[in-house]
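Below is my_file_3.pdb, holding PDB, C-alpha atoms.
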ATOM      1  CA  MET A   1      10.172  42.671  28.889
ATOM      2  CA  ASN A   2       9.032  45.794  27.155
ATOM      3  CA  THR A   3       6.756  45.917  24.130
ATOM      4  CA  ILE A   4       9.467  46.784  21.599
ATOM      5  CA  THR A   5      11.599  43.789  22.678
ATOM      6  CA  LYS A   6       8.592  41.461  22.398
ATOM      7  CA  ILE A   7       7.822  42.714  18.888
ATOM      8  CA  ALA A   8      11.481  42.449  17.847
ATOM      9  CA  THR A   9      11.718  38.832  19.013
ATOM     10  CA  THR A  10       8.464  37.719  17.385
ATOM     11  CA  LEU A  11       9.008  39.325  13.963
ATOM     12  CA  PRO A  12      11.454  36.639  12.702
ATOM     13  CA  VAL A  13       9.050  33.884  13.787
ATOM     14  CA  LEU A  14       6.126  35.577  12.020
ATOM     15  CA  ALA A  15       8.210  36.057   8.883
ATOM     16  CA  LEU A  16       9.172  32.371   8.876
ATOM     17  CA  LEU A  17       5.581  31.248   9.367
ATOM     18  CA  SER A  18       4.393  33.547   6.589
ATOM     19  CA  ALA A  19       7.020  32.179   4.217
ATOM     20  CA  CYS A  20       6.029  28.582   4.996
ATOM     21  CA  ALA A  21       2.349  29.294   4.475
ATOM     22  CA  THR A  22       2.886  30.680   0.982
ATOM     23  CA  THR A  23       5.461  28.166  -0.304
ATOM     24  CA  ALA A  24       3.984  25.765  -2.848
ATOM     25  CA  PRO A  25       4.552  22.066  -2.104
ATOM     26  CA  ALA A  26       7.208  20.349  -4.185
ATOM     27  CA  THR A  27       6.060  18.023  -6.944
ATOM     28  CA  PRO A  28       7.230  14.450  -6.305
ATOM     29  CA  ASP A  29       9.704  12.950  -8.746
ATOM     30  CA  THR A  30       7.771  10.688 -11.113
ATOM     31  CA  THR A  31      10.833   8.792 -12.333
ATOM     32  CA  ASP A  32      11.654   7.009  -9.082
ATOM     33  CA  THR A  33       9.041   4.215  -9.220
ATOM     34  CA  PRO A  34       7.397   2.450 -12.161
ATOM     35  CA  ALA A  35       3.762   3.476 -12.649
ATOM     36  CA  PRO A  36       2.151   0.162 -11.551
ATOM     37  CA  GLU A  37       3.700   0.452  -8.081
ATOM     38  CA  LYS A  38       2.689   4.056  -7.434
ATOM     39  CA  VAL A  39      -0.281   4.625  -5.188
ATOM     40  CA  THR A  40      -2.558   6.546  -7.526
ATOM     41  CA  ALA A  41      -5.827   5.924  -5.728
ATOM     42  CA  ALA A  42      -7.241   7.399  -2.531
ATOM     43  CA  TYR A  43      -7.662   5.232   0.551
ATOM     44  CA  ASP A  44     -10.078   5.835   3.400
ATOM     45  CA  ARG A  45      -9.050   5.776   7.042
ATOM     46  CA  MET A  46     -10.563   2.389   7.764
ATOM     47  CA  ALA A  47      -8.190  -0.289   9.010
ATOM     48  CA  ALA A  48      -6.953  -2.952   6.627
ATOM     49  CA  ALA A  49      -8.753  -6.299   6.708
ATOM     50  CA  PRO A  50      -6.723  -9.009   8.506
ATOM     51  CA  TYR A  51      -6.529 -12.326   6.642
ATOM     52  CA  THR A  52      -5.140 -15.535   8.163
ATOM     53  CA  CYS A  53      -3.932 -18.069   5.633
ATOM     54  CA  THR A  54      -3.850 -21.867   5.564
ATOM     55  CA  ASP A  55      -0.052 -22.059   5.938
ATOM     56  CA  GLY A  56       0.118 -19.649   8.895
ATOM     57  CA  SER A  57       0.687 -16.570   6.724
ATOM     58  CA  LYS A  58      -0.966 -13.246   7.550
ATOM     59  CA  ILE A  59      -2.069 -10.632   5.021
ATOM     60  CA  MET A  60      -3.490  -7.193   5.751
ATOM     61  CA  ALA A  61      -5.454  -5.972   2.708
ATOM     62  CA  LYS A  62      -6.881  -2.517   2.094
ATOM     63  CA  GLN A  63      -8.726  -1.558  -1.094
ATOM     64  CA  SER A  64      -8.683   1.956  -2.472
ATOM     65  CA  ILE A  65     -11.937   3.894  -2.359
ATOM     66  CA  ASN A  66     -12.451   3.453  -6.115
ATOM     67  CA  LYS A  67     -11.512  -0.286  -5.831
ATOM     68  CA  LYS A  68      -8.796   0.066  -8.516
ATOM     69  CA  GLN A  69      -5.894  -0.749  -6.161
ATOM     70  CA  VAL A  70      -5.177  -2.777  -3.079
ATOM     71  CA  MET A  71      -2.366  -2.307  -0.566
ATOM     72  CA  LEU A  72      -1.123  -5.509   1.036
ATOM     73  CA  ASN A  73       1.104  -6.032   4.034
ATOM     74  CA  ALA A  74       2.101  -9.699   3.848
ATOM     75  CA  THR A  75       3.903 -11.920   6.323
ATOM     76  CA  LEU A  76       4.578 -15.190   4.506
ATOM     77  CA  PRO A  77       6.916 -17.523   6.443
ATOM     78  CA  LYS A  78       7.318 -19.978   3.529
ATOM     79  CA  VAL A  79       8.520 -17.135   1.287
ATOM     80  CA  LYS A  80      10.546 -15.567   4.147
ATOM     81  CA  TRP A  81       8.562 -12.311   4.038
ATOM     82  CA  THR A  82       7.885 -10.243   7.136
ATOM     83  CA  GLU A  83       5.464  -7.349   6.651
ATOM     84  CA  GLN A  84       6.226  -7.038   2.933
ATOM     85  CA  LYS A  85       4.276  -4.117   1.461
ATOM     86  CA  LEU A  86       2.803  -4.409  -2.037
ATOM     87  CA  VAL A  87       0.502  -2.273  -4.169
ATOM     88  CA  LEU A  88      -1.494  -4.147  -6.799
ATOM     89  CA  ASN A  89      -3.740  -2.763  -9.534
ATOM     90  CA  GLY A  90      -7.005  -4.202 -10.787
ATOM     91  CA  GLY A  91     -10.638  -3.854  -9.963
ATOM     92  CA  VAL A  92     -13.935  -5.456  -9.069
ATOM     93  CA  LYS A  93     -16.114  -7.512 -11.390
ATOM     94  CA  GLY A  94     -19.367  -8.642  -9.843
ATOM     95  CA  ASP A  95     -18.534  -9.791  -6.326
ATOM     96  CA  VAL A  96     -14.870 -10.682  -7.015
ATOM     97  CA  ALA A  97     -11.947  -8.254  -6.671
ATOM     98  CA  SER A  98      -8.753  -9.143  -8.574
ATOM     99  CA  TYR A  99      -5.437  -7.311  -8.380
ATOM    100  CA  VAL A 100      -2.029  -7.901  -9.996
ATOM    101  CA  ASN A 101       1.431  -6.355  -9.800
ATOM    102  CA  ASP A 102       3.680  -7.403 -12.674
ATOM    103  CA  SER A 103       6.140  -4.483 -12.535
ATOM    104  CA  ASN A 104       8.879  -6.677 -11.009
ATOM    105  CA  PRO A 105      10.599  -8.733 -13.750
ATOM    106  CA  GLU A 106      11.463 -11.410 -11.155
ATOM    107  CA  ALA A 107       7.889 -12.158  -9.996
ATOM    108  CA  ILE A 108       4.190 -11.505 -10.590
ATOM    109  CA  TYR A 109       1.948 -11.005  -7.542
ATOM    110  CA  ALA A 110      -1.823 -11.558  -7.520
ATOM    111  CA  TRP A 111      -4.539 -11.076  -4.887
ATOM    112  CA  HIS A 112      -8.171 -12.112  -5.334
ATOM    113  CA  MET A 113     -10.978 -11.469  -2.824
ATOM    114  CA  LYS A 114     -14.582 -12.583  -2.530
ATOM    115  CA  ASP A 115     -16.666 -12.073   0.593
ATOM    116  CA  ASP A 116     -14.350 -12.900   3.528
ATOM    117  CA  LYS A 117     -11.944 -15.089   1.513
ATOM    118  CA  GLY A 118      -8.764 -14.240  -0.350
ATOM    119  CA  ILE A 119      -6.149 -15.973  -2.475
ATOM    120  CA  PHE A 120      -2.591 -14.682  -2.755
ATOM    121  CA  ALA A 121      -0.235 -15.993  -5.449
ATOM    122  CA  ILE A 122       3.320 -15.370  -6.609
ATOM    123  CA  LYS A 123       4.811 -16.659  -9.854
ATOM    124  CA  TRP A 124       8.562 -16.193 -10.194
ATOM    125  CA  ALA A 125      10.361 -15.822 -13.537
ATOM    126  CA  SER A 126      11.871 -19.289 -12.962
ATOM    127  CA  GLY A 127       8.364 -20.799 -13.128
ATOM    128  CA  THR A 128       8.148 -21.532  -9.382
ATOM    129  CA  GLU A 129       4.743 -20.702  -7.898
ATOM    130  CA  TYR A 130       3.368 -20.048  -4.424
ATOM    131  CA  LYS A 131      -0.351 -19.831  -3.641
ATOM    132  CA  VAL A 132      -2.202 -19.613  -0.354
ATOM    133  CA  ASN A 133      -5.880 -19.428   0.626
ATOM    134  CA  CYS A 134      -6.796 -16.895   3.286
ATOM    135  CA  GLN A 135      -9.848 -15.860   5.293
ATOM    136  CA  ILE A 136     -10.824 -12.951   7.534
TER
END
What's the structure tokens form of this structure?
Amino acid sequence: MNTITKIATTLPVLALLSACATTAPATPDTTDTPAPEKVTAAYDRMAAAPYTCTDGSKIMAKQSINKKQVMLNATLPKVKWTEQKLVLNGGVKGDVASYVNDSNPEAIYAWHMKDDKGIFAIKWASGTEYKVNCQI
């Protein structure tokens, strides 16, 4: 292949790469999810902490770097959840971390942690409650 053919075939690729490098990223739509459910905090690359609960449930919990949010991945057989993802807001006071998500009108979710123990609770609008103790 001669030099002119090589240049002619690579110019479109270079133009495409240049266009991609200078295009500003799109701003996400802020109307799709209520504010309490949005992940507004940064998370490190550490793995989530695995909790095993007294009723056989499993919860993976990962706090944000600033400790203002927690991401949960919950498998709760009694509630018929399999790897349900939740983001809860809250913070740390002393040696206890407490987080709540009340953006769903059907239920309020809460997660509390101290040392290697955790408590997860759900309170539905009907008044029914579910609570489980967990440990790493």
**Message:** Here is a test: counting only C-alpha atoms, which residue of A:Leu76, A:Met60, A:Tyr51, A:Met46 is nearest to Asp115 (chain A)?
**Reply:** A:Tyr51
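Taking CA of Gln135 (chain A) as the reference point, CA of Gly118 (chain A) is found at 6.0 Å.
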**Item:** Contact residues around Gly90 (chain A) with only C-alpha atoms at 7 Å, ignoring same-chain residues under 2 positions, as a PyMOL selection string
**Value:** chain A and resi 68-69+88+98-100
**Message:** Can you measure CA of Val132 (chain A) to CA of Thr54 (chain A) for me? One decimal in Å is fine.
**Reply:** 6.5 Å
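Computed from the coordinates, the CA of Ala74 (chain A) to CA of Phe120 (chain A) distance equals 9.5 Å.
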Can you pull out the residues contacting Lys62 (chain A)? Cut-off 9 Å, using only C-alpha atoms, and skip same-chain residues under 5 positions away; I want them as a PDB file with C-alpha atoms, in the frame of the given file.
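Saved as around-v4.pdb:
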ATOM      1  CA  TYR A  43      -7.662   5.232   0.551  1.00  0.00           C
ATOM      2  CA  MET A  46     -10.563   2.389   7.764  1.00  0.00           C
ATOM      3  CA  ALA A  47      -8.190  -0.289   9.010  1.00  0.00           C
ATOM      4  CA  ALA A  48      -6.953  -2.952   6.627  1.00  0.00           C
ATOM      5  CA  ALA A  49      -8.753  -6.299   6.708  1.00  0.00           C
ATOM      6  CA  GLN A  69      -5.894  -0.749  -6.161  1.00  0.00           C
ATOM      7  CA  VAL A  70      -5.177  -2.777  -3.079  1.00  0.00           C
ATOM      8  CA  MET A  71      -2.366  -2.307  -0.566  1.00  0.00           C
ATOM      9  CA  LEU A  72      -1.123  -5.509   1.036  1.00  0.00           C
ATOM     10  CA  ASN A  73       1.104  -6.032   4.034  1.00  0.00           C
TER      11      ASN A  73
END
